[in-house]
Amino acid sequence: MNFKLASALSIAALSGVLAATVPASAVAAEKLTYYCSAQEDWCQLMAKGFEETTGIKVNMTRKSSGETFAQIKAESENPKGDIWWGGTGDPHLQAAEEGLTEAYESGMRGELHDWAISQAESGGNATIGIYSGALGYGYNEEVLKANNLPAPECWKDLTKPEYKGHVQMANPNSSGTAYTTLATIVQLFGEDEGFEFMKALHKNINQYTKSGSAPIKAAARGENTIGIVFMHDAVKQAASGFPIKVVAPCEGTGYEIGGMSIIKGARNAENAQKFYDWALSADVQSRSLEVKAFQVMSNKAAQSSPLAPDLSKLTLIDYDFKKYGSSAERKRLLKKWDDEVSTLPQ
Amino acid sequence: MTTAPHSSAYPGSNLHSVGRNTSAKRINRTIILWLTVGLLGFCLFPWYMLEDGFWSFEWLDGYPYDTDYAPALFLLLQQEKLWLAPILLFLLLPVLVLGKDKNHPWFGKILILAGGLGLGWLLLQGFSIGIRGWSFDAAQSLFGDLGDRQFGLGYGAMMTAAALLFTVTTGFASRGMINGDVFVVGVIGFILALVGMFILFPVLNMLSSALQDNDGGYSVSVFLSKFFDDKIWGLHCLSGARSCGVAWNSLALAIIVGAATTLLGLVFALIATRSGLRRAHLLRPLTVLPIITPPFVIGLAIILLFGLSGTVTGFVADLFGLQPTRWVYGMPGILIAQMLSFTPIAFLVLIGVVEGVSPSMEEAAQTLRADRWQTFKTVSLPLMRPGLANAFLLGFIESMADFGNPLVLGGNFDVLSTEIFFAIVGAQNDQGKAAVLAIVLLIFTLSAFYAQRRWLGKKSYITRTGKGDGGVSAELPRRILWPCYTLVAIWGTFTLVVYGMIVYGGFVEVWGLNHTLTFKHYITAFGLSFGENGILWRGSAWDSFWTTLKIAATAAPLTAAVGLVTAYVLVRQNFSGKNAFEFGTMLSFAIPGTVIGVAYILAFNVPPFELTGTGVILVLSFIFRNMPVGIRAGIASMSQLDKSLDEASLTLGANTWRTFRQVILPLMRPAVLAALVFSFVRAMTAISAVIFLVSAEYNMATSYIIGRVENNDYGIAIAYCTTLIVVMLTAVALMQILVGKVDLKRQEPQPA
C-alpha cells in the first residue's frame, strides 16, 4: 500500500474531526439556540428573520413539540437550548409545571389577546401564547363523493355507522392534537357521555396515527376520508390545492394555544428574551401568512388570512388549560382512554 | 490456501528471542511516551470541556489561571478541585519502573496498579461530582454539601485518561500477555475501552431506567409488571378481537420478512449464477440500492402505488368493480417495503454462497446418474444451508430494527422499534416504558445474533479448497428455473417501478395529485444565487446537506480504521476471552438504532462525558453502529491472507504495528473500501439513532427529510432523497478510484 493513501486517509479523518468540533462561527459572536416545534418553513422564517433584524446567529432545531419536550427534559441538568417557540401549549405548560422553563414577563404583553396572557398565567409566566387555533375536522370531498356519503357537520355525525372505516384521528398517547380532542370532548359532553362518544367514534376509526396532523394529510392525498385535526391544518391542505373541506363542528369545539418558553438555565438568556419580545410583535406575527400558517396570532394588530377560521364566529368551549394541561389529569384521562376505548373491538 | 489453526504458537518461541533485547527498550519507550502525553494533558491542556469547542481559543484568554479553562495542575495550585490530585500521583507512578528489568515481578504490577487506580479514580470523581455538586444522594449525605461543581471532561482529561489506559496495557504486555506485544495489548485495551464507553455504558445506563419506578427508586416488581404488560405480550389477535402485543407483531413480521427475503435472495442468486442468462451480472447493482436509499422513500412510493388512492389500487378496483380499501396500511405494507429493502442484502449474502458450492460435487452427483433436480435437492441446496441461515437472520434483525417503513406504513400495526420512539417522544414521555420495550427488542435481536454465531460457527460447509476446480456449475433443473425466472422478472420490474416513481416524484408539482413537471422542489431545496460575495446557498437544504457530508466523511475512515484494527486482532492474535471480545465488538449490530439514540442522549448529556449537541456525538454513534461491518469485512479478507506473510515480516524484525501497516493493510484494500463505502453511506442514510442526536448546529439530511414528510411536502423530501442517492453513488465511485483495486502481481520496482 502506499503511504500516501494511508496518510491522505488519516489526514482526511483528522481534518474531519476538527471540522466537526469547530463551531460554525469561529469568532465569539452573539448567538441563540432555538428549538422550534412549528412547521419547518415557519421555523426557518423566524430564524432567518431574527438573524437579519438583530445580527444574532441563530442555531435552529425543528422537532415536534413532544420530541422537543423530551429533549429539554433530558437536557435539564445541562441545558443546551435557549428558547422554545411553537407547538401546542400543553407540553409548554407541562415544562413550566416541571420547572424546565423560566418565568419572563415581556413588555409586549399589552399588545396581546387575553387568551395569550391567560395561558401565561396558567404556566406561572413561564410560557405565553403566540397563536391559537380551533379544533375541528376536514374531509376529502372527492373520496366522500366516491363513497356516496353525506357531508358531516357535527361531532356526533362522526359516530354514525355509515362512516365506519372513514374517520382518522391521532393517538392521544402520542399526539398533543389528539389529547386536545379527548379533553375537548370530555369538556363538551361531560366525562361519561364524552367517553361514550369516544367509544362510538372508535368503531369508525380506521387508524390512530402517531402525529397530530397526519389524518388530514392522509385525507388530502385520498388515503383517508375524514381527519380530526386543528382547523388551520385542514385549511392549509385546502389552500395547497387538495380537495379538503373544513368543518367547524356544530356542537362547539375546543382550541389550542401555541406556546413559547425560555428554557431554564439558558446559556444565552438575554438573546432569548430579545427573541421573545421580537416574536410577539405584530410585524413578525403577520409574516406567518408567507408560510401558509393559518392560526390566529396572539398580537391583536397582526394580520390574519381571509382563509383562516375566524375564532370569533365559532362556538368555543371555555377550555380549562390549567386543569387539562396538568400531568395528573392528562395521565388519568389517557389511562382511561387506553383501558376503556382503545381495547374495544372495532 | 489453508491456515493451520494453531500455527500462532509458533512465533512465540522463536521470534520472542529475536526481539528480546529490543523489546525491553521498546517497553521503556512506550512508558515514556504515555507518561509525556499524560503529563501534557494534566499540566498544559484545559482539563474541562470548553463550551465553544477547542478551536475557539477563547481559553487562551486568562490561561492558565481562569478556572474554567485551566489545566488540572493549575487548578490544584490554586487550591481548586483538589479531588484531582490523586490522578497526578498515579500518573507519575510509572517513573519508578523506568529503566528497570521488565521481567521483575513488580515492573508490570506497578504499571497496572498505577494505570488502573488512576483511571478508576478519574472515572469515580467524574461520575460522582457533576454540575450540581455530588451526583449521588449517598455521597451528599456521607460527605455533606460539596459547595463546588465540575463540567465534562475536556482535552486534558482525555489525554490523561488515554495515558493511564495505555499504562495498564503496557503493564499487561510486560507481564507476557500476548507474547509481550505492547501494540496488540494496547489495541485490545483501547477497543475494550471504546466498546465499554460507547456501547455498554450508554445501553446499560438506559436499561437501568427500566427498573425505575415513577419516583426514581429501583423496583423489580415495577419492572416485571411493565415487562409482562398485556400491550407487549397480549395474544388477543388469535381470538380475533383486537391486535396482538407489539412483541408478537415484531416477531411475526421479522420471521416472515426473514423467510421471504431469503427465498427471493436465493432465487436471484440462482438466476445470477446458474441460469446461463447472459445479462445476469446486471442484477448485481441491485444490491447497492437498499443501502443508498434514504429511509421513507420506499414507504412513500408504496403508498402512492397501493394506498387507498394509489395507482395500482385504483386500477384493480376499476377492473374488478371493487371498493378500494386501506389494506396496505399495517403488516402487508411494511412487509412489502421491507422485502424491497432487504432482499438485496439476502442476495448479497447468498450469491457468495451459491458461487461457493463446488461444481465438482455436483458433477460427481450427476456422474452417479442423479438428474438435475436430485442434484439440486440433495447436493447443492444442503451445501447452501449456512448461507440461507445467515440471510434469514440478517433479514430478521434488519426487520426488527427497521424504523422508517413502519413509521410510514404501520397503520394500527405497532412494532417495537416505533413504539420505543413514541414512548420517548410521544405525549406519554415514558422513559421506563421505552427501556422495557428496548429490552424486549434486544432479547429478540441478541438471541438471533447469538443463534447465528453458535449455529454457523460449528459445521464445515467448505467445498472450495483453493485447489483448482475445473467443474462448471450445474444448470438449474427446469422445474425450478421457470418459477425462478418468473419471480425475478416480477420482483425486478416491481423494484424498477418503485425507484422510477421515486425519481419521478421529485419532478412533479404535487405527487399523487398534480403531475405537472417542475423543478421547483430542487430549487427550493438546493437553490443557488450569485451575489457580491460569491455564491449564496439559498436553498433550505444546504445546511443539513453539508453537515451530513462532513459528518459522514469524518465517520467513514474512523469506522474503517477501528473495524479493521479490531479484525486484525481477532484473526491474527490468540488470547483468552477472545470470543467474549468478539461478541462485544459485534454487539452493536444487534442493538437497534432507536435504542442507541436514546441511550446516547441519556448517557452523554451530563459530565463526565458531555457530548450532546456536538458533531462528535453523531460521528461516534456512526462509528459504533457501523463498526461490526468493518470488522466483518476485515475478518473475511484477512482470513484469506496466509499467516506466513506476517511471520516473514516479524522474522525480519518489524514489529506488529509495522507488519500491520506495511504488509496486511495493503493487501486488504477491498476490505478497506467495503468498510469505507458502507460506513459513509450508512452515515448519510441512518435515521433511527440520528433523530435523537441532531442539534441546532448539526442537523442531518434524514432528519430534515422527516420534517418535510411530516409536513406533507413529499416533493422536497423526494427531491432531497434523489440528490442523496446521486451523491452517494458518486462518492462510492470516487472511493473505488481512490482506494483502488488490489493488485497483487509483482510490479516493476519504482525509484523511491
# chains A, B, ... in the order shown; residues from 1 in each chain; ligands from 1
$ residues_around --residues "Asp277 in chain A" --least-positions-apart "6" --cutoff "8 Å" --atoms "only C-alpha atoms" --output "number ranges by chain"
A: 106-108
$ write_last_selection --atoms "N, CA and C atoms" --output "PDB file, in the first residue's frame"
ATOM      1  N   SER A 106     -42.826  39.803  29.429  1.00  0.00           N
ATOM      2  CA  SER A 106     -42.397  40.637  28.313  1.00  0.00           C
ATOM      3  C   SER A 106     -43.113  41.986  28.333  1.00  0.00           C
ATOM      4  N   GLY A 107     -42.431  42.999  27.845  1.00  0.00           N
ATOM      5  CA  GLY A 107     -43.045  44.310  27.707  1.00  0.00           C
ATOM      6  C   GLY A 107     -44.113  44.347  26.625  1.00  0.00           C
ATOM      7  N   MET A 108     -44.182  43.294  25.834  1.00  0.00           N
ATOM      8  CA  MET A 108     -45.132  43.272  24.715  1.00  0.00           C
ATOM      9  C   MET A 108     -46.535  42.855  25.153  1.00  0.00           C
TER      10      MET A 108
END
$ residues_around --residues "Pro91 in chain A" --least-positions-apart "2" --cutoff "10 Å" --atoms "only C-alpha atoms" --output "PDB file with C-alpha atoms, in the first residue's frame"
ATOM      1  CA  SER A  65     -43.453  19.520  20.497  1.00  0.00           C
ATOM      2  CA  GLY A  66     -43.353  16.076  22.111  1.00  0.00           C
ATOM      3  CA  GLU A  67     -39.818  15.447  20.897  1.00  0.00           C
ATOM      4  CA  THR A  68     -38.663  18.883  21.973  1.00  0.00           C
ATOM      5  CA  PHE A  69     -40.195  18.467  25.396  1.00  0.00           C
ATOM      6  CA  ALA A  70     -38.405  15.125  25.763  1.00  0.00           C
ATOM      7  CA  GLY A  87     -46.030  23.724  19.107  1.00  0.00           C
ATOM      8  CA  THR A  88     -49.181  23.105  21.061  1.00  0.00           C
ATOM      9  CA  GLY A  89     -49.396  24.700  24.505  1.00  0.00           C
ATOM     10  CA  LEU A  93     -47.370  24.130  30.267  1.00  0.00           C
ATOM     11  CA  GLN A  94     -46.005  20.770  31.317  1.00  0.00           C
ATOM     12  CA  ALA A  95     -42.466  22.101  31.013  1.00  0.00           C
ATOM     13  CA  ALA A  96     -43.457  25.099  33.116  1.00  0.00           C
ATOM     14  CA  GLU A  97     -45.012  22.794  35.703  1.00  0.00           C
ATOM     15  CA  GLY A 176     -50.984  16.655  21.586  1.00  0.00           C
ATOM     16  CA  GLY A 258     -49.351  27.590  20.664  1.00  0.00           C
ATOM     17  CA  GLY A 259     -46.657  28.399  23.193  1.00  0.00           C
ATOM     18  CA  GLY A 325     -52.761  20.603  30.815  1.00  0.00           C
ATOM     19  CA  SER A 326     -51.685  19.202  34.190  1.00  0.00           C
ATOM     20  CA  SER A 327     -49.741  15.951  34.246  1.00  0.00           C
TER      21      SER A 327
ATOM     22  CA  ALA B 427     -47.164  12.814  24.813  1.00  0.00           C
TER      23      ALA B 427
END
$ residues_around --residues "range 198-205 of chain A" --least-positions-apart "5" --cutoff "7 Å" --atoms "only C-alpha atoms" --output "list in words"
Leu158, Thr159, Tyr163, Lys164, Gly165, His166, Val167, Gln168, Val341 and Gln346 of chain A
$ residues_around --residues "range 301-310 of chain A" --least-positions-apart "2" --cutoff "6 Å" --atoms "only C-alpha atoms" --output "count of residues only"
7
$ atom_distance --atom1 "CA of Lys433 in chain B" --atom2 "CA of Ser209 in chain B"
8.9 Å
$ atom_distance --atom1 "CA of Leu729 in chain B" --atom2 "CA of Ala391 in chain B"
24.8 Å
$ residues_around --residues "Phe90 in chain B" --least-positions-apart "5" --cutoff "9 Å" --atoms "only C-alpha atoms" --output "list of chain:residue names"
B:Leu113, B:Ala114, B:Gly115, B:Gly116, B:Leu117, B:Gly118, B:Leu119, B:Leu164
$ select_by_dssp --residues "range 50-276 of chain A" --states "strand (DSSP E or B)" --output "NGL selection string"
:A and (57-62 or 83-88 or 101-102 or 112 or 128-140 or 167-170 or 205-209 or 226-230 or 244-247 or 253 or 255-263)
$ residues_around --residues "Gly123 in chain A" --least-positions-apart "2" --cutoff "12 Å" --atoms "only C-alpha atoms" --output "ChimeraX atom specification"
/A:89-105,116-121,125-129,259-261,321-323,325-326
$ residues_around --residues "range 38-42 of chain A" --least-positions-apart "5" --cutoff "7 Å" --atoms "only C-alpha atoms" --output "PDB file with N, CA, C and O atoms, in the first residue's frame"
ATOM      1  N   ARG A  62     -35.577  21.803  14.498  1.00  0.00           N
ATOM      2  CA  ARG A  62     -37.018  21.643  14.435  1.00  0.00           C
ATOM      3  C   ARG A  62     -37.390  20.224  14.823  1.00  0.00           C
ATOM      4  O   ARG A  62     -36.902  19.262  14.238  1.00  0.00           O
ATOM      5  N   GLY A  86     -43.211  27.684  19.455  1.00  0.00           N
ATOM      6  CA  GLY A  86     -44.154  26.948  18.631  1.00  0.00           C
ATOM      7  C   GLY A  86     -44.515  25.598  19.212  1.00  0.00           C
ATOM      8  O   GLY A  86     -43.924  25.128  20.175  1.00  0.00           O
ATOM      9  N   GLY A  87     -45.531  24.998  18.613  1.00  0.00           N
ATOM     10  CA  GLY A  87     -46.030  23.724  19.107  1.00  0.00           C
ATOM     11  C   GLY A  87     -47.165  23.961  20.087  1.00  0.00           C
ATOM     12  O   GLY A  87     -47.263  25.035  20.691  1.00  0.00           O
ATOM     13  N   SER A 288     -46.527  35.192   9.299  1.00  0.00           N
ATOM     14  CA  SER A 288     -46.957  33.788   9.265  1.00  0.00           C
ATOM     15  C   SER A 288     -47.707  33.472   7.973  1.00  0.00           C
ATOM     16  O   SER A 288     -47.726  32.332   7.517  1.00  0.00           O
ATOM     17  N   VAL A 291     -45.982  31.694   5.011  1.00  0.00           N
ATOM     18  CA  VAL A 291     -45.740  30.245   5.009  1.00  0.00           C
ATOM     19  C   VAL A 291     -47.029  29.459   5.192  1.00  0.00           C
ATOM     20  O   VAL A 291     -47.016  28.314   5.614  1.00  0.00           O
TER      21      VAL A 291
ATOM     22  N   GLY B 707     -38.896  15.987   8.574  1.00  0.00           N
ATOM     23  CA  GLY B 707     -39.658  17.213   8.769  1.00  0.00           C
ATOM     24  C   GLY B 707     -40.523  17.502   7.553  1.00  0.00           C
ATOM     25  O   GLY B 707     -41.689  17.863   7.680  1.00  0.00           O
ATOM     26  N   ASN B 711     -44.684  17.299   7.007  1.00  0.00           N
ATOM     27  CA  ASN B 711     -45.383  18.482   6.545  1.00  0.00           C
ATOM     28  C   ASN B 711     -46.124  18.232   5.234  1.00  0.00           C
ATOM     29  O   ASN B 711     -46.586  19.163   4.585  1.00  0.00           O
TER      30      ASN B 711
END
$ select_by_dssp --residues "range 43-145 of chain A" --states "helix (DSSP H, G or I)" --output "PyMOL selection string"
chain A and resi 43-54+65-74+89-97+107-111+114-122+141-145
